[in-house]
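Comments concern the structure below.
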Amino acid sequence: MSNAFTKTERSWVVYDVGNSAFALIISTTIYTIFFNTISLRAGLAPEDSTTAIGLINAAAFLLIAIISPLLGTFADYQGNKKKLFSAFAFLGIISVSAMMLVGDTQWLLAAVIYNIAMLGFAGANIFYNAFLLDVSPKDRLDKVSAAGFAWGYIGSTIPFVITLGIIFAFFKNDDGITMMGFASAFLITAVWWLIFTVPLLKNVEQKYGIPPSKTPFKDTWRRLAQTVAKIKQKRAIYLFLIGYFLYIDGVDTIIVMAMDFGMKNSTMGQVDLVLVVLAIQIIAWPSTLLYGRLSESLGTRTMILFGITTYGVITLVAALMESMPSSWINGAFILLAVLIGTAQGGVQSLSRSYFGSLIPPEQSAEFFGFFNIFGKFAAILGPALIALFTYFMKGHVVGFSGLQFTGYSLGVLSLMVFFIVGGMVFVMADREAKKDLT
């Protein structure tokens with residue numbers, strides 16, 4: 001990591017190395033296989049298993065979205081931010097460890113523990129994001145935020161590769177991954193997450209905050225209402241949140257649906273698809289750092305719009321894959337993976353730092369609570385739209401100028417609306433932000 005970063009900034013950045021192991025190993029790959037394995041052993045039909053995990057995820061996101069502003073507002077009292085960060089981070093780490101105790105047919109217990117782990121992971125991220133303004137001045141937010149995402153991407157590949165190596169060497173048979181294999185993945189994730197949480201706990205302190213209150217819970221609700229009023233009054237903030245909600249919906253949908261899309265449209269096996277996910281992580285590392293560096297010379301607005309445009313290209317290519325010759329499909333999917341890797345971290349990190357530049361530092365946690373709401377609700381809309389197109393157009397194909405579109409590909413194509421409108425609203429927000437500076 002660059003010597004240009006302070007000790008406090010490095011401690012903040014490396015937490016992303018730790019919690020990204022949860023995002024990659026648990027959320028994206030191993031847990032999905034684990035849940036499907038034990039639910040099928042318990043006698044659930046495949047479609048019931050899919051419905052169950054979908055509802056559990058939706059419930060977790062909904063709960064997080066609802067409580068985020070309240071938690072953020074309470075955290076802005078001086079001294080509260082680290083306490084709440086620690087509580088949620090350890091809740092996530094302990095819950096991941098507890099997955100080791102799940103039996104080979106206890107799918108409901110696995111779902112509940114995963115839900116709690118997601119609450120810990122996402123809850124800690126509210127305060128982690130808010131700490132950005134405590135560790136860096138506003139002229140360094142882009143660089144430090146990008147470093148967090150970048151090192152998180154590359155750092156999470158280490159436990160991921162170790163996990164795959166152990167599983168394939170010792171805990172895989174003709175039926176797939178054994179329960180000991182899954183347990184080793186959960187243990188490695190929990191230990192890795194814990195190790196890289198320690199520097200933040202030791203070296204990062206809440207620099208900005210408001211004085212403690214004698215009636216903190218009552219005052220939290222009052223301040224929450226005041227924050228909503230402030231967001232309504234400051235056009236740059238609420239326009240940004242609307243634009244962010246739209247374009248990050250497209251980004252998150254592509255991230256969440258990438259594996260499913262690959263399984264349905266390419267001829268790659270599960271191992272090849274896992275390697276593609278690994279490749280995305282590796283490509284995202286230098287690409288995210290590059291976004292942070294280029295934002296210093298070209299501007300944050302330019303680089304966010306470049307990332308949104310890249311995702312527009314990704315969406316268009318993905319929607320056209322069903323009309324391509326079969327010999328092109330795998331190559332097109334690999335191209336999509338490369339493009340996702342180049343843009344994913346840049347858009348996420350610069351959006352976080354751009355929002356940080358708009359808000360008052362002493363209220364960073366409560367404002368990032370609202371930032372978290374828009375991000376979490378955005379994670380629902382896009383996948384739901386694809387599901388609706390797929391369901392209602394089942395068995396139907398739409399032809400246009402020699403191209404063929406199923407419900408799935410039309411659902412993917414519809415994501416273009418999120419990128420186009422989201423980009424336009426973001427430009428409007430940026431103009432308002434510039435007015436506020438004059």
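All residue names refer to the structure tokens as shown: chains lettered A, B, ... in order, residues numbered from 1 in each chain, ligands numbered from 1 in order.
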
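Within range 115-253 of chain A, DSSP applied to the backbone places the following residues in strand (DSSP E or B): Lys172, Asn173, Gly176, Ile177 and Ile210 of chain A.
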
Could you list, with a cut-off of 12 Å and counting only C-alpha atoms, the residues of range 329-400 of chain A near range 81-93 of chain A, each shown with its nearest atom pair and the distance in Å rounded to one decimal, rows sorted by chain and ascending number, as JSON lines?
```
{"residue": "A:Glu362", "atom": "CA", "partner": "A:Lys81", "partner_atom": "CA", "distance": 11.2}
{"residue": "A:Gln363", "atom": "CA", "partner": "A:Lys81", "partner_atom": "CA", "distance": 11.0}
{"residue": "A:Ser364", "atom": "CA", "partner": "A:Lys81", "partner_atom": "CA", "distance": 10.1}
{"residue": "A:Ala365", "atom": "CA", "partner": "A:Lys81", "partner_atom": "CA", "distance": 7.7}
{"residue": "A:Glu366", "atom": "CA", "partner": "A:Lys81", "partner_atom": "CA", "distance": 10.5}
```

Find the nearest atom pair between each residue of range 229-300 of chain A and range 427-434 of chain A for residues within 12 Å, count only C-alpha atoms, give distances in Å to one decimal, sort rows by chain and ascending number, and present the table as CSV.
```
residue,atom,partner,partner_atom,distance
A:Gln233,CA,A:Glu432,CA,11.7
A:Lys234,CA,A:Glu432,CA,8.7
A:Arg235,CA,A:Glu432,CA,6.5
A:Ala236,CA,A:Ala429,CA,4.5
A:Ile237,CA,A:Ala429,CA,7.1
A:Tyr238,CA,A:Ala429,CA,7.9
A:Leu239,CA,A:Ala429,CA,5.0
A:Phe240,CA,A:Ala429,CA,5.1
A:Leu241,CA,A:Ala429,CA,8.8
A:Ile242,CA,A:Ala429,CA,9.1
A:Gly243,CA,A:Ala429,CA,8.0
A:Tyr244,CA,A:Ala429,CA,10.1
A:Gly299,CA,A:Asp430,CA,11.3
A:Thr300,CA,A:Asp430,CA,9.9
```

Output for the residues just chosen: C-alpha atoms as a PDB file, in the first residue's frame:
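That gives us selection.pdb:
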```pdb
ATOM      1  CA  GLN A 233     -33.495  21.669   1.403  1.00  0.00           C
ATOM      2  CA  LYS A 234     -30.115  20.840  -0.138  1.00  0.00           C
ATOM      3  CA  ARG A 235     -30.854  19.945  -3.754  1.00  0.00           C
ATOM      4  CA  ALA A 236     -27.357  18.611  -4.435  1.00  0.00           C
ATOM      5  CA  ILE A 237     -27.737  15.912  -1.773  1.00  0.00           C
ATOM      6  CA  TYR A 238     -31.223  14.690  -2.600  1.00  0.00           C
ATOM      7  CA  LEU A 239     -30.617  14.815  -6.371  1.00  0.00           C
ATOM      8  CA  PHE A 240     -27.426  12.820  -5.876  1.00  0.00           C
ATOM      9  CA  LEU A 241     -29.272  10.233  -3.765  1.00  0.00           C
ATOM     10  CA  ILE A 242     -31.950   9.850  -6.465  1.00  0.00           C
ATOM     11  CA  GLY A 243     -29.359   9.505  -9.241  1.00  0.00           C
ATOM     12  CA  TYR A 244     -27.265   7.140  -7.098  1.00  0.00           C
ATOM     13  CA  GLY A 299     -12.593  15.070 -11.767  1.00  0.00           C
ATOM     14  CA  THR A 300     -14.887  12.773  -9.768  1.00  0.00           C
TER      15      THR A 300
END
```

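The interatomic distance for the pair CA of Phe182 in chain A and CA of Phe149 in chain A works out to 26.2 Å.
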
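Across the structure, CA of Leu164 in chain A and CA of Ala45 in chain A are spaced 27.3 Å apart.
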
Would you list the contacts of Thr288 in chain A as a PDB file with C-alpha atoms, in the first residue's frame, taking every protein, DNA or RNA residue within 9 Å and counting only C-alpha atoms, but skipping same-chain residues closer than 6 positions in sequence?
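Written output follows (result.pdb):
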```pdb
ATOM      1  CA  ALA A 146     -10.863   3.985  -3.940  1.00  0.00           C
ATOM      2  CA  ALA A 147      -8.020   2.351  -2.018  1.00  0.00           C
ATOM      3  CA  PHE A 149     -12.484  -0.893  -2.470  1.00  0.00           C
ATOM      4  CA  ALA A 150      -9.336  -1.779  -4.451  1.00  0.00           C
ATOM      5  CA  TRP A 151      -7.483  -3.499  -1.610  1.00  0.00           C
ATOM      6  CA  GLY A 341     -13.928  -5.625 -13.224  1.00  0.00           C
ATOM      7  CA  THR A 342     -12.741  -2.308 -14.675  1.00  0.00           C
ATOM      8  CA  ALA A 343     -15.779  -0.282 -13.593  1.00  0.00           C
ATOM      9  CA  GLN A 344     -17.330  -1.915 -10.520  1.00  0.00           C
ATOM     10  CA  GLY A 345     -15.044  -0.629  -7.772  1.00  0.00           C
ATOM     11  CA  GLY A 346     -14.516   2.770  -9.390  1.00  0.00           C
ATOM     12  CA  VAL A 347     -18.217   3.617  -9.514  1.00  0.00           C
ATOM     13  CA  SER A 349     -15.803   4.075  -4.370  1.00  0.00           C
TER      14      SER A 349
END
```

Near range 113-120 of chain A, 12 Å: range 157-216 of chain A residue rows, closest pairs, only C-alpha atoms, as a tab-separated table:
```
residue	atom	partner	partner_atom	distance
A:Phe186	CA	A:Tyr114	CA	11.1
A:Thr189	CA	A:Ala117	CA	11.8
A:Ala190	CA	A:Ala117	CA	10.5
A:Trp193	CA	A:Gly120	CA	11.9
```

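Using only C-alpha atoms, the residues found no farther than 12 Å from Lys202 in chain A, other than those of its own chain fewer than 6 positions away, are Lys7, Thr8, Arg10, Ser11, Trp12, Tyr15, Lys82, Ser86, Ile195 and Phe196 of chain A.
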
Once you have the residues from the selection above, write them out as a PDB file, in the first residue's frame, restricted to C-alpha atoms.
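Heads up, here's the output in out_8.pdb:
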```pdb
ATOM      1  CA  LYS A   7      -1.444   5.168   9.557  1.00  0.00           C
ATOM      2  CA  THR A   8      -5.076   6.033  10.272  1.00  0.00           C
ATOM      3  CA  ARG A  10      -4.215   2.503   6.149  1.00  0.00           C
ATOM      4  CA  SER A  11      -6.065   1.114   9.189  1.00  0.00           C
ATOM      5  CA  TRP A  12      -9.364   2.224   7.665  1.00  0.00           C
ATOM      6  CA  TYR A  15     -10.891  -3.274   7.092  1.00  0.00           C
ATOM      7  CA  LYS A  82     -16.701   2.982  17.141  1.00  0.00           C
ATOM      8  CA  SER A  86     -17.514  -2.908  16.867  1.00  0.00           C
ATOM      9  CA  ILE A 195      -7.688 -10.002  11.776  1.00  0.00           C
ATOM     10  CA  PHE A 196      -8.285  -7.020   9.488  1.00  0.00           C
TER      11      PHE A 196
END
```

Give me the residues within 9 Å of Ser414 in chain A as a tab-separated table (two decimals) with C-alpha atoms, in the first residue's frame, counting only C-alpha atoms and dropping any in the same chain fewer than 5 places off.
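So result30.tsv came out as:
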```tsv
chain	number	residue	atom	x	y	z
A	315	THR	CA	-25.90	-4.05	-20.35
A	382	GLY	CA	-33.31	-4.43	-10.70
A	385	LEU	CA	-37.55	-6.26	-12.90
A	386	ILE	CA	-35.57	-9.04	-14.58
A	409	SER	CA	-32.63	-10.41	-22.15
```
